[in-house]
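Source file query08.csv; content: CSV, C-alpha atoms.
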```
chain,number,residue,atom,x,y,z
P,52,MET,CA,-38.1,59.8,17.6
P,53,THR,CA,-41.9,59.5,17.1
P,54,ASP,CA,-44.3,58.3,14.4
P,55,GLN,CA,-47.9,59.6,14.1
P,56,ILE,CA,-50.7,57.1,13.3
P,57,ASN,CA,-54.0,58.3,11.9
P,58,LEU,CA,-56.4,55.6,10.9
P,59,SER,CA,-60.2,55.1,10.7
P,60,ALA,CA,-62.5,52.3,9.9
P,61,SER,CA,-66.2,51.6,10.0
P,62,VAL,CA,-67.8,48.8,12.1
P,63,THR,CA,-69.1,46.2,9.6
P,64,ASP,CA,-72.1,44.0,10.1
P,65,ASP,CA,-70.0,40.9,11.0
P,66,LEU,CA,-68.7,42.8,14.0
P,67,ILE,CA,-72.1,43.8,15.5
P,68,GLY,CA,-72.4,42.7,19.1
P,69,GLN,CA,-68.6,42.3,19.6
P,70,ARG,CA,-66.6,44.0,22.2
P,71,LEU,CA,-64.7,47.1,21.1
P,72,ASP,CA,-61.3,45.5,21.8
P,73,GLN,CA,-62.2,42.4,19.8
P,74,ALA,CA,-63.4,44.4,16.8
P,75,VAL,CA,-60.4,46.7,16.6
P,76,SER,CA,-58.1,43.8,16.5
P,77,LYS,CA,-59.8,42.7,13.3
P,78,LEU,CA,-60.1,46.2,11.8
P,79,PHE,CA,-56.5,47.1,12.7
P,80,PRO,CA,-54.7,43.7,12.6
P,81,GLU,CA,-51.3,45.3,12.1
P,82,TYR,CA,-51.2,46.2,15.8
P,83,SER,CA,-51.2,43.8,18.7
P,84,ARG,CA,-54.4,43.5,20.9
P,85,SER,CA,-52.6,44.7,24.0
P,86,ARG,CA,-51.4,47.8,22.2
P,87,LEU,CA,-54.9,48.5,20.8
P,88,GLN,CA,-56.4,48.0,24.3
P,89,GLY,CA,-53.9,50.6,25.6
P,90,TRP,CA,-55.0,53.1,22.9
P,91,ILE,CA,-58.6,52.5,23.8
P,92,LYS,CA,-57.9,53.2,27.5
P,93,ASP,CA,-55.9,56.3,26.9
P,94,GLY,CA,-58.4,57.8,24.5
P,95,SER,CA,-56.3,57.5,21.4
P,96,LEU,CA,-58.8,55.2,19.8
P,97,LYS,CA,-62.4,56.6,19.8
P,98,VAL,CA,-65.8,55.4,18.7
P,99,ASP,CA,-67.8,58.1,16.8
P,100,GLY,CA,-65.5,60.7,18.4
P,101,ALA,CA,-66.1,59.4,22.0
P,102,VAL,CA,-63.9,57.5,24.4
P,103,ARG,CA,-65.3,54.0,25.1
P,104,ARG,CA,-64.3,51.1,27.3
P,105,PRO,CA,-62.6,48.0,25.8
P,106,ARG,CA,-65.6,45.8,26.9
P,107,ASP,CA,-68.3,48.0,25.3
P,108,LYS,CA,-70.4,46.3,22.7
P,109,LEU,CA,-70.7,47.7,19.1
P,110,VAL,CA,-74.0,48.0,17.3
P,111,GLY,CA,-72.6,48.4,13.7
P,112,GLY,CA,-71.9,51.4,11.6
P,113,GLU,CA,-69.8,53.3,14.1
P,114,ILE,CA,-66.6,55.0,12.9
P,115,LEU,CA,-63.5,54.1,14.8
P,116,SER,CA,-60.7,56.6,14.7
P,117,LEU,CA,-57.2,56.0,15.8
P,118,ASN,CA,-54.9,59.0,16.4
P,119,ALA,CA,-51.8,57.8,18.3
P,120,THR,CA,-48.1,58.6,18.6
P,121,LEU,CA,-45.6,55.8,18.6
P,122,GLU,CA,-42.8,56.8,20.9
P,123,MET,CA,-39.2,55.4,20.7
P,124,ILE,CA,-39.6,52.3,22.9
P,125,GLU,CA,-36.0,51.2,23.2
P,126,HIS,CA,-33.8,53.5,25.2
P,127,HIS,CA,-30.6,51.5,24.7
P,128,GLN,CA,-27.6,53.0,23.1
P,129,ALA,CA,-27.1,52.5,19.4
P,130,GLN,CA,-23.7,50.9,18.7
P,131,ASP,CA,-21.8,50.4,15.5
P,132,ILE,CA,-21.4,46.6,15.7
P,133,PRO,CA,-20.9,44.8,12.4
P,134,LEU,CA,-23.9,42.6,11.3
P,135,GLU,CA,-23.8,39.9,8.6
P,136,ILE,CA,-27.0,40.8,6.8
P,137,VAL,CA,-28.4,37.9,4.7
P,138,TYR,CA,-31.6,39.7,3.5
P,139,GLU,CA,-33.2,43.1,4.1
P,140,ASP,CA,-36.3,45.0,2.9
P,141,ASP,CA,-38.6,47.6,4.4
P,142,ALA,CA,-40.3,45.0,6.6
P,143,ILE,CA,-37.8,42.5,7.8
P,144,LEU,CA,-34.1,41.9,8.4
P,145,VAL,CA,-32.5,38.5,8.3
P,146,ILE,CA,-29.0,38.2,9.9
P,147,ASN,CA,-26.4,35.4,10.4
P,148,LYS,CA,-25.6,35.8,14.1
P,149,PRO,CA,-22.0,35.0,15.1
P,150,ALA,CA,-21.0,33.1,18.3
P,151,GLY,CA,-20.4,35.4,21.3
P,152,LEU,CA,-23.1,38.0,20.4
P,153,VAL,CA,-25.8,38.4,23.0
P,154,VAL,CA,-29.2,39.1,21.5
P,155,HIS,CA,-30.8,41.4,24.1
P,156,PRO,CA,-29.3,43.5,27.0
P,157,ALA,CA,-29.5,41.8,30.3
P,158,ALA,CA,-27.6,41.4,33.6
P,159,GLY,CA,-23.9,41.2,32.7
P,160,HIS,CA,-24.5,42.3,29.2
P,161,HIS,CA,-25.8,45.9,29.2
P,162,ASP,CA,-24.5,46.8,25.8
P,163,GLY,CA,-22.6,45.3,22.9
P,164,THR,CA,-25.7,43.2,21.9
P,165,LEU,CA,-27.6,42.6,18.8
P,166,LEU,CA,-30.2,45.1,19.9
P,167,ASN,CA,-27.6,47.8,20.2
P,168,ALA,CA,-26.4,46.9,16.7
P,169,LEU,CA,-29.9,47.0,15.3
P,170,LEU,CA,-30.5,50.5,16.7
P,171,HIS,CA,-27.4,51.7,14.9
P,172,HIS,CA,-28.2,50.0,11.6
P,173,CYS,CA,-31.9,51.0,11.6
P,174,PRO,CA,-32.7,53.8,14.1
P,175,GLU,CA,-36.4,53.7,13.4
P,176,ILE,CA,-36.5,50.1,14.7
P,177,GLY,CA,-36.5,51.6,18.2
P,178,GLN,CA,-40.2,52.2,17.8
P,179,VAL,CA,-40.8,48.5,17.6
P,180,PRO,CA,-41.0,46.5,20.9
P,181,ARG,CA,-37.7,44.7,21.6
P,182,ALA,CA,-36.3,46.5,18.6
P,183,GLY,CA,-38.1,44.0,16.4
P,184,ILE,CA,-36.4,40.9,17.8
P,185,ILE,CA,-38.9,38.0,17.2
P,186,HIS,CA,-36.9,35.1,18.6
P,187,ARG,CA,-33.6,34.6,20.2
P,188,LEU,CA,-30.5,32.5,19.8
P,189,ASP,CA,-28.2,31.8,22.8
P,190,MET,CA,-25.1,33.9,23.0
P,191,ASP,CA,-22.9,31.1,21.6
P,192,THR,CA,-25.3,29.7,19.1
P,193,THR,CA,-24.8,30.8,15.5
P,194,GLY,CA,-27.1,31.3,12.5
P,195,LEU,CA,-30.2,32.8,11.1
P,196,MET,CA,-32.5,35.2,12.9
P,197,VAL,CA,-35.3,37.3,11.6
P,198,VAL,CA,-36.0,40.8,12.9
P,199,ALA,CA,-39.1,42.9,12.2
P,200,LYS,CA,-38.5,46.5,11.2
P,201,THR,CA,-42.1,47.6,11.7
P,202,ILE,CA,-44.9,46.9,14.2
P,203,PRO,CA,-47.2,45.3,11.6
P,204,ALA,CA,-44.4,43.0,10.5
P,205,GLN,CA,-43.6,42.1,14.2
P,206,THR,CA,-47.3,41.3,14.9
P,207,GLU,CA,-47.5,39.0,11.9
P,208,LEU,CA,-44.2,37.2,12.6
P,209,VAL,CA,-45.0,36.7,16.3
P,210,SER,CA,-48.3,35.2,15.2
P,211,GLN,CA,-46.5,32.8,12.8
P,212,LEU,CA,-44.2,31.7,15.7
P,213,GLN,CA,-47.2,31.1,18.0
P,214,GLU,CA,-49.1,29.2,15.3
P,215,ARG,CA,-46.0,27.2,14.4
P,216,ASP,CA,-46.0,28.5,10.8
P,217,MET,CA,-42.4,29.6,11.0
P,218,GLY,CA,-39.8,26.9,10.1
P,219,ARG,CA,-36.5,26.8,12.0
P,220,GLU,CA,-33.9,24.1,11.3
P,221,TYR,CA,-30.6,23.6,13.1
P,222,GLU,CA,-27.5,21.5,12.8
P,223,ALA,CA,-25.6,20.2,15.8
P,224,ILE,CA,-22.7,17.9,16.7
P,225,VAL,CA,-23.5,15.7,19.7
P,226,HIS,CA,-21.6,13.2,21.8
P,227,LYS,CA,-22.0,9.5,21.2
P,228,VAL,CA,-23.3,7.6,18.1
P,229,MET,CA,-27.0,7.8,17.4
P,230,THR,CA,-28.8,4.8,16.0
P,231,GLY,CA,-31.3,7.0,14.1
P,232,GLY,CA,-33.5,10.0,14.2
P,233,GLY,CA,-36.6,10.7,16.3
P,234,THR,CA,-38.7,13.2,18.2
P,235,VAL,CA,-38.3,14.5,21.7
P,236,ASP,CA,-41.7,15.5,23.1
P,237,GLU,CA,-41.0,16.5,26.7
P,238,PRO,CA,-42.3,19.6,28.6
P,239,MET,CA,-39.7,22.1,29.8
P,240,GLY,CA,-39.5,24.6,32.6
P,241,ARG,CA,-36.9,26.3,34.9
P,242,HIS,CA,-34.5,23.9,36.7
P,243,SER,CA,-35.6,23.3,40.3
P,244,LYS,CA,-32.1,24.0,41.8
P,245,ASN,CA,-30.1,25.9,39.2
P,246,ARG,CA,-32.2,28.9,38.0
P,247,GLN,CA,-29.8,29.6,35.1
P,248,LYS,CA,-30.7,26.2,33.6
P,249,MET,CA,-33.9,24.8,32.0
P,250,ALA,CA,-34.9,21.2,32.4
P,251,VAL,CA,-37.5,18.6,31.4
P,252,VAL,CA,-40.2,18.9,34.0
P,253,GLY,CA,-43.5,17.2,34.4
P,254,VAL,CA,-45.6,20.4,34.6
P,255,GLY,CA,-43.6,22.5,32.1
P,256,LYS,CA,-44.5,24.1,28.8
P,257,GLU,CA,-44.9,21.9,25.7
P,258,ALA,CA,-41.6,21.4,23.9
P,259,ILE,CA,-41.2,19.3,20.7
P,260,THR,CA,-37.9,18.7,18.8
P,261,HIS,CA,-37.5,16.6,15.8
P,262,TYR,CA,-34.0,15.3,14.8
P,263,ARG,CA,-32.4,13.2,12.1
P,264,VAL,CA,-28.9,11.8,11.6
P,265,LEU,CA,-26.7,13.4,8.9
P,266,GLU,CA,-23.5,11.5,9.6
P,267,LYS,CA,-22.1,9.2,12.2
P,268,PHE,CA,-18.6,9.2,13.5
P,269,ARG,CA,-16.7,7.0,15.9
P,270,ALA,CA,-18.0,8.7,19.0
P,271,HIS,CA,-20.1,11.6,17.8
P,272,THR,CA,-23.0,12.3,15.5
P,273,HIS,CA,-23.8,15.2,13.1
P,274,ILE,CA,-27.6,15.9,13.3
P,275,ARG,CA,-30.2,18.1,11.8
P,276,LEU,CA,-33.0,19.4,14.1
P,277,LYS,CA,-36.4,21.0,13.5
P,278,LEU,CA,-38.3,22.9,16.2
P,279,GLU,CA,-42.0,22.9,16.6
P,280,THR,CA,-41.8,25.0,19.8
P,281,GLY,CA,-39.3,27.6,20.8
P,282,ARG,CA,-38.5,27.1,24.5
P,283,THR,CA,-35.3,28.6,26.0
P,284,HIS,CA,-32.3,26.2,25.5
P,285,GLN,CA,-34.8,23.7,24.0
P,286,ILE,CA,-32.4,21.8,21.7
P,287,ARG,CA,-29.6,21.7,24.3
P,288,VAL,CA,-32.0,20.4,27.0
P,289,HIS,CA,-33.7,17.9,24.9
P,290,MET,CA,-30.5,16.4,23.5
P,291,SER,CA,-29.0,16.2,27.0
P,292,HIS,CA,-32.2,14.6,28.2
P,293,ILE,CA,-31.9,11.7,25.7
P,294,HIS,CA,-28.2,11.4,26.6
P,295,TYR,CA,-26.7,12.9,23.4
P,296,PRO,CA,-25.5,16.3,24.7
P,297,LEU,CA,-24.1,18.9,22.4
P,298,VAL,CA,-20.3,19.0,22.0
P,299,GLY,CA,-18.9,22.0,23.9
P,300,ASP,CA,-22.1,22.8,25.8
P,301,PRO,CA,-20.9,24.3,29.1
P,302,LEU,CA,-24.3,24.1,30.8
P,303,TYR,CA,-25.8,20.8,29.7
P,304,GLY,CA,-22.9,18.8,28.4
P,305,GLY,CA,-21.8,17.3,31.6
P,306,ARG,CA,-18.2,16.6,32.6
P,307,PHE,CA,-15.8,16.9,29.7
P,308,ARG,CA,-14.5,13.5,28.6
P,309,LEU,CA,-12.4,12.5,25.6
P,310,PRO,CA,-13.5,9.3,23.8
P,311,ARG,CA,-10.8,6.5,23.8
P,312,GLY,CA,-8.7,5.9,20.8
P,313,ILE,CA,-9.3,9.2,18.9
P,314,SER,CA,-6.6,11.0,17.0
P,315,GLU,CA,-4.5,13.7,18.7
P,316,GLU,CA,-5.8,16.2,16.2
P,317,LEU,CA,-9.4,15.4,17.2
P,318,GLN,CA,-8.5,15.5,20.9
P,319,GLU,CA,-7.1,19.0,20.5
P,320,GLY,CA,-10.1,20.1,18.4
P,321,LEU,CA,-12.6,18.9,21.0
P,322,ARG,CA,-10.6,20.6,23.8
P,323,ASP,CA,-10.6,23.9,21.9
P,324,PHE,CA,-14.3,23.8,21.0
P,325,ASN,CA,-15.6,25.9,23.8
P,326,ARG,CA,-19.2,26.6,22.8
P,327,GLN,CA,-22.2,24.5,22.1
P,328,ALA,CA,-21.9,23.1,18.6
P,329,LEU,CA,-25.3,24.4,17.4
P,330,HIS,CA,-26.1,26.5,14.3
P,331,ALA,CA,-29.5,27.8,13.1
P,332,LYS,CA,-29.1,26.6,9.5
P,333,LYS,CA,-32.5,27.3,7.8
P,334,LEU,CA,-35.3,29.8,8.4
P,335,GLU,CA,-38.6,29.7,6.5
P,336,LEU,CA,-41.5,32.1,7.0
P,337,TRP,CA,-44.4,33.8,5.2
P,338,HIS,CA,-43.3,37.4,4.3
P,339,PRO,CA,-45.4,39.7,6.5
P,340,GLU,CA,-46.1,42.1,3.6
P,341,THR,CA,-46.2,40.0,0.4
P,342,GLY,CA,-47.6,36.8,1.9
P,343,GLU,CA,-44.9,34.9,0.0
P,344,LEU,CA,-43.3,31.8,1.5
P,345,VAL,CA,-39.6,32.7,1.7
P,346,SER,CA,-36.6,30.8,3.1
P,347,TRP,CA,-32.9,31.2,3.7
P,348,GLU,CA,-30.1,28.7,4.4
P,349,ILE,CA,-26.6,29.5,5.7
P,350,ASP,CA,-23.4,27.5,5.8
P,351,LEU,CA,-22.0,26.2,9.1
P,352,PRO,CA,-19.5,28.5,10.7
P,353,GLU,CA,-15.8,27.7,10.3
P,354,ASP,CA,-15.4,26.2,13.8
P,355,MET,CA,-18.1,23.6,13.2
P,356,GLN,CA,-16.8,22.9,9.7
P,357,HIS,CA,-13.3,22.4,11.2
P,358,LEU,CA,-14.6,20.1,13.9
P,359,LEU,CA,-16.5,18.0,11.3
P,360,ALA,CA,-13.4,17.7,9.2
P,361,LEU,CA,-11.5,16.4,12.2
P,362,LEU,CA,-14.2,13.9,13.0
P,363,LYS,CA,-14.2,12.6,9.4
P,364,ALA,CA,-10.5,12.3,9.3
P,365,ASP,CA,-10.5,10.4,12.6
P,366,LYS,CA,-13.2,8.1,11.2
P,367,GLU,CA,-11.3,7.4,8.0
P,368,GLN,CA,-8.1,6.8,9.9
P,369,ALA,CA,-9.8,4.2,12.1
P,370,GLU,CA,-11.3,2.5,9.0
P,371,THR,CA,-7.9,2.1,7.4
```

Once you've parsed the file, please lay out its structure as structure tokens.
Amino acid sequence: MTDQINLSASVTDDLIGQRLDQAVSKLFPEYSRSRLQGWIKDGSLKVDGAVRRPRDKLVGGEILSLNATLEMIEHHQAQDIPLEIVYEDDAILVINKPAGLVVHPAAGHHDGTLLNALLHHCPEIGQVPRAGIIHRLDMDTTGLMVVAKTIPAQTELVSQLQERDMGREYEAIVHKVMTGGGTVDEPMGRHSKNRQKMAVVGVGKEAITHYRVLEKFRAHTHIRLKLETGRTHQIRVHMSHIHYPLVGDPLYGGRFRLPRGISEELQEGLRDFNRQALHAKKLELWHPETGELVSWEIDLPEDMQHLLALLKADKEQAET
């Protein structure tokens, strides 16, 4: 599948003296700078009908013409995998991702992913890099994700992520009783020994997580979290780092231990909870076409609701 692009623009006075690749990113902001640079280099984007270099300076008044073909980027198989669609229009798609669904094909998960489902639901999304996937959730994390259906929408949403204009809030159940909320501002990078894990490291990338207490139980806490940055496994790593690991986390939760004195029902519930208790609860962003601030909020999945009910019952039983 292909899509033909035919655009033109005149170099305005405020762009005089700028490099060609800098100017086109302002004249054609719906496309990423790297993509525009590629079109300059392959001759798809011309200046007054001539091929120029990305670094060539502009004098003003030139006509930039873009004639390019968008090829199908994703070559993965489209698969009829059910999606819980929370919102959809011509530019974006918001889904509620279930536990167990891998977002993007990788080693060990070559198909059966969200990307395969997106290609089936919306075949033209194959023209968008990564099938429009803007951010990821871990396989066993549930909740809201936004997907861009067009390249302009993707460019805008990626910019919002980078500028921290996109709001993402989560809920989690952690081990031990927190005294109150706070902020974890600790850089993250790849674990020095286990390459499948991330860790707090001195020379890592900036990572900031805010958290507040929703409800305390006898040996656990229900919390709400807000991300400023979006590092891989950020919430899981940060909560483990401050010694409040997520219930059920197989990678960062440490050795499984049952708290003393809890009810048999709660013991069974904790043993059966075999994923990290983490849910992407709220998503807020500026709509890439309308510019309107929009948000969505989704209920906790049944397994987390059930675990919270067991924790409440155990707390009430202890109080009586």

Looking at all atoms listed in the file, which of P:Ile184, P:Ala258, P:Ala129, P:Leu317 is the one that sits closest to Glu279 in chain P? P:Ala258

Quick one: pull the distance between CA of Val254 in chain P and CA of His284 in chain P, Å, one decimal.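 One can read the CA of Val254 in chain P to CA of His284 in chain P distance as 17.1 Å.
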
Find the distance between CA of His186 in chain P and CA of Lys148 in chain P and write it in Å to one decimal.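 Taking CA of His186 in chain P and CA of Lys148 in chain P, their separation equals 12.2 Å.
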
Given all atoms listed in the file as the counted atoms, nearest of P:Asp323, P:Asp131, P:Asp216, P:Asp64 to Val345 in chain P: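 With all atoms listed in the file as the atom set, the closest residue is P:Asp216.
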
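Nearest to Val298 in chain P of all the residues P:Leu362, P:Ala223, P:Val235, P:Ala331 is P:Ala223, counting only C-alpha atoms.
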
Per residue of range 78-139 of chain P within 12 Å of range 348-355 of chain P, what are the shortest atom pair and its distance in Å to one decimal, counting only C-alpha atoms, with rows by chain and residue number, as CSV?
```
residue,atom,partner,partner_atom,distance
P:Glu135,CA,P:Ile349,CA,11.2
P:Ile136,CA,P:Ile349,CA,11.4
P:Val137,CA,P:Ile349,CA,8.6
P:Tyr138,CA,P:Glu348,CA,11.1
```

Selected residue, from P:Thr164, P:Thr206, P:Ser314, P:Asn57, that lies nearest to Ala119 in chain P when counting only C-alpha atoms: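 Among the listed residues, the smallest separation from Ala119 in chain P belongs to P:Asn57.
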
Selection near Arg104 in chain P, 8 Å with only C-alpha atoms, sequence-local residues under 2 positions removed, as a ChimeraX atom specification: /P:71,91-92,102,106-107

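When all atoms listed in the file are used to measure the gap to Gly151 in chain P, the shortest distance among P:Pro180, P:Ser76, P:Met229, P:Asn325 belongs to P:Asn325.
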
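Around His127 in chain P, within 9 Å and counting only C-alpha atoms, the residues found are Pro156, His161, Asp162, Leu166, Asn167, Leu170 and Gly177 of chain P, once anything fewer than 5 positions away on its own chain is removed.
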
Up to 6 Å from (-44.3, 20.6, 31.4) in the file's coordinates: name the residues, counting all atoms listed in the file, as a ChimeraX atom specification. /P:238-239,252-257

Could the residues in this selection be written to a file with C-alpha atoms, as a PDB file, in the frame of the given file?
```
ATOM      1  CA  PRO P 238     -42.300  19.600  28.600  1.00  0.00           C
ATOM      2  CA  MET P 239     -39.700  22.100  29.800  1.00  0.00           C
ATOM      3  CA  VAL P 252     -40.200  18.900  34.000  1.00  0.00           C
ATOM      4  CA  GLY P 253     -43.500  17.200  34.400  1.00  0.00           C
ATOM      5  CA  VAL P 254     -45.600  20.400  34.600  1.00  0.00           C
ATOM      6  CA  GLY P 255     -43.600  22.500  32.100  1.00  0.00           C
ATOM      7  CA  LYS P 256     -44.500  24.100  28.800  1.00  0.00           C
ATOM      8  CA  GLU P 257     -44.900  21.900  25.700  1.00  0.00           C
TER       9      GLU P 257
END
```

Each residue of range 263-333 of chain P lying at most 12 Å from range 244-247 of chain P should get a row with its shortest atom-to-atom pair and the distance in Å to one decimal, counting only C-alpha atoms; could you produce that, ordered by chain and increasing number, as a tab-separated table?
```
residue	atom	partner	partner_atom	distance
P:Thr283	CA	P:Gln247	CA	10.7
P:His284	CA	P:Gln247	CA	10.5
P:Pro301	CA	P:Gln247	CA	12.0
P:Leu302	CA	P:Gln247	CA	8.9
P:Tyr303	CA	P:Gln247	CA	11.1
```

Mind giving me the straight-line distance from CA of His261 in chain P to CA of Leu278 in chain P in Å, one decimal?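 CA of Leu278 in chain P lies at a distance of 6.4 Å from CA of His261 in chain P.
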
Nearest residue to Glu335 in chain P out of P:Val225, P:Glu220, P:Lys363, P:Arg308, using all atoms listed in the file? P:Glu220

Within 12 Å of Arg86 in chain P, counting all atoms listed in the file, which residues show up once you throw out same-chain ones fewer than 6 positions away? Write them as number ranges by chain, please. P: 72, 75-76, 79-80, 92-93, 95-96, 105, 117, 119-121, 179-180, 202-203, 206
